[in-house]
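Report on one structure; see the data block that follows.
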Amino acid sequence: MKGVIMDNIAIDGPAGAGKSTIARLAAGKLGFIYVDTGAMYRAMALYFIRNGIDTEDESAVSAACEDINISIEYKDGKQEVILNGENVNAFIRTEKVSLVTSDISKYVSVRAKLLGLQRSIAATKNIIMDGRDIGTCVLPDAKTKIYLTASADERARRRYKEQKEKGISCDLEKIKQDIIKRDEQDMNRKTAPLKQAEDAVFLDTSDLSVKEAVNAVINIYRTKET
């Protein structure tokens with residue numbers, strides 16, 4: 001397969017913008033593999049929480065990385081994140097994990113742990129990959145790059161609805177403030193900050209339905225292909 005260039009779509013954007021849902025559905029329509037890089041970081045955050053690692057202590061985080069093994073498996077077209085042999089999909093979507101994920105994403109050791117895995121997947125498959133630095137750092141040569149976002153109010157409303165539907169008690173205003181805090185952390189970290197790649201298409205989904213947003217992503221891809 002040497003010399004073959006795979007078809008990759010890189011989607012970046014802030015927390016709660018709907019990247020994962022939209023990318024997954026678009027991948028299904030295009031026949032691509034969907035790679036949720038945020039889930040990989042969340043799995044690492046879950047490990048640190050479970051093991052009482054102080055995520056403000058970079059040396060402790062770096063040392064703990066040696067004990068973490070993360071892999072990706074696909075069953076019935078669904079991505080499963082495997083943390084040290086355990087499927088942790090059901091445990092990585094809490095607000096606590098979200099905030100710790102933002103804390104640890106700034107560390108070079110954490111990013112290096114996952115970068116090789118992400119690039120190896122993209123080198124062998126047609127994929128849609130979403131995260132914070134896909135178009136700027138992970139897949140800078142991707143033909144199609146999209147910066148997908150929505151207003152903080154809309155992102156908070158969506159997250160609130162999602163949590164309530166799962167039976168999780170939550171507060172809308174606190175969710176909004178957590179989102180704003182995470183935006184600040186992600187955009188101002190020294191290592192691979194969240195930003196729009198120069199050649200990325202800006203897509204605001206605040207007033208779009210999921211179906212409309214998925215169609216917009218597919219249209220951007222097809223426009224890039226022509």
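Each chain in the structure tokens gets a letter, A, B and so on, in the order shown; residues start at 1 in every chain, and ligands are counted from 1 in the order they appear.
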
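Residues in contact with Ile175 (chain A) at 10 Å, where only C-alpha atoms are counted and same-chain residues fewer than 2 positions away are skipped, are listed as Glu95, Ala152, Asp153, Arg155, Ala156, Arg157, Arg158, Arg159, Tyr160, Cys170, Asp171, Leu172, Glu173, Gln177, Asp178, Ile179, Ile180 and Lys181 of chain A.
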
**Study point:** Non-local contacts of Ala200 (chain A) (9 Å; only C-alpha atoms; under 4 positions in same chain excluded) as an MDAnalysis selection string
**Key:** chainID A and resid 10:12 135 144:147 196

I need the chosen residues saved as a PDB file, in the first residue's frame, with N, CA and C atoms.
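File part37.pdb, as written:
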```
ATOM      1  N   ALA A  10     -10.749  16.010   8.291  1.00  0.00           N
ATOM      2  CA  ALA A  10     -10.383  16.464   9.631  1.00  0.00           C
ATOM      3  C   ALA A  10     -11.410  17.483  10.122  1.00  0.00           C
ATOM      4  N   ILE A  11     -12.017  17.205  11.272  1.00  0.00           N
ATOM      5  CA  ILE A  11     -13.010  18.118  11.844  1.00  0.00           C
ATOM      6  C   ILE A  11     -12.537  18.550  13.223  1.00  0.00           C
ATOM      7  N   ASP A  12     -12.366  19.852  13.395  1.00  0.00           N
ATOM      8  CA  ASP A  12     -11.996  20.416  14.691  1.00  0.00           C
ATOM      9  C   ASP A  12     -13.114  21.314  15.203  1.00  0.00           C
ATOM     10  N   GLY A 135      -6.842  19.060  12.081  1.00  0.00           N
ATOM     11  CA  GLY A 135      -6.408  19.737  10.867  1.00  0.00           C
ATOM     12  C   GLY A 135      -5.121  20.510  11.026  1.00  0.00           C
ATOM     13  N   THR A 144      -9.692  17.602   3.178  1.00  0.00           N
ATOM     14  CA  THR A 144     -10.880  18.307   3.662  1.00  0.00           C
ATOM     15  C   THR A 144     -10.736  18.610   5.142  1.00  0.00           C
ATOM     16  N   LYS A 145     -10.789  19.897   5.498  1.00  0.00           N
ATOM     17  CA  LYS A 145     -10.706  20.320   6.888  1.00  0.00           C
ATOM     18  C   LYS A 145     -11.911  21.205   7.203  1.00  0.00           C
ATOM     19  N   ILE A 146     -12.517  20.953   8.354  1.00  0.00           N
ATOM     20  CA  ILE A 146     -13.705  21.704   8.760  1.00  0.00           C
ATOM     21  C   ILE A 146     -13.543  22.146  10.213  1.00  0.00           C
ATOM     22  N   TYR A 147     -13.866  23.417  10.476  1.00  0.00           N
ATOM     23  CA  TYR A 147     -13.927  23.899  11.854  1.00  0.00           C
ATOM     24  C   TYR A 147     -15.398  24.010  12.209  1.00  0.00           C
ATOM     25  N   GLN A 196      -8.823  27.310  14.281  1.00  0.00           N
ATOM     26  CA  GLN A 196      -9.214  26.926  12.924  1.00  0.00           C
ATOM     27  C   GLN A 196      -7.988  26.880  12.028  1.00  0.00           C
TER      28      GLN A 196
END
```

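In this comparison, which uses only C-alpha atoms, the residue of A:Val61, A:Val201, A:Ile82, A:Ile128 approaching Ala216 (chain A) most closely is A:Val201.
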
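Picture a line from CA of Ala27 (chain A) to CA of Lys161 (chain A); it runs 24.2 Å.
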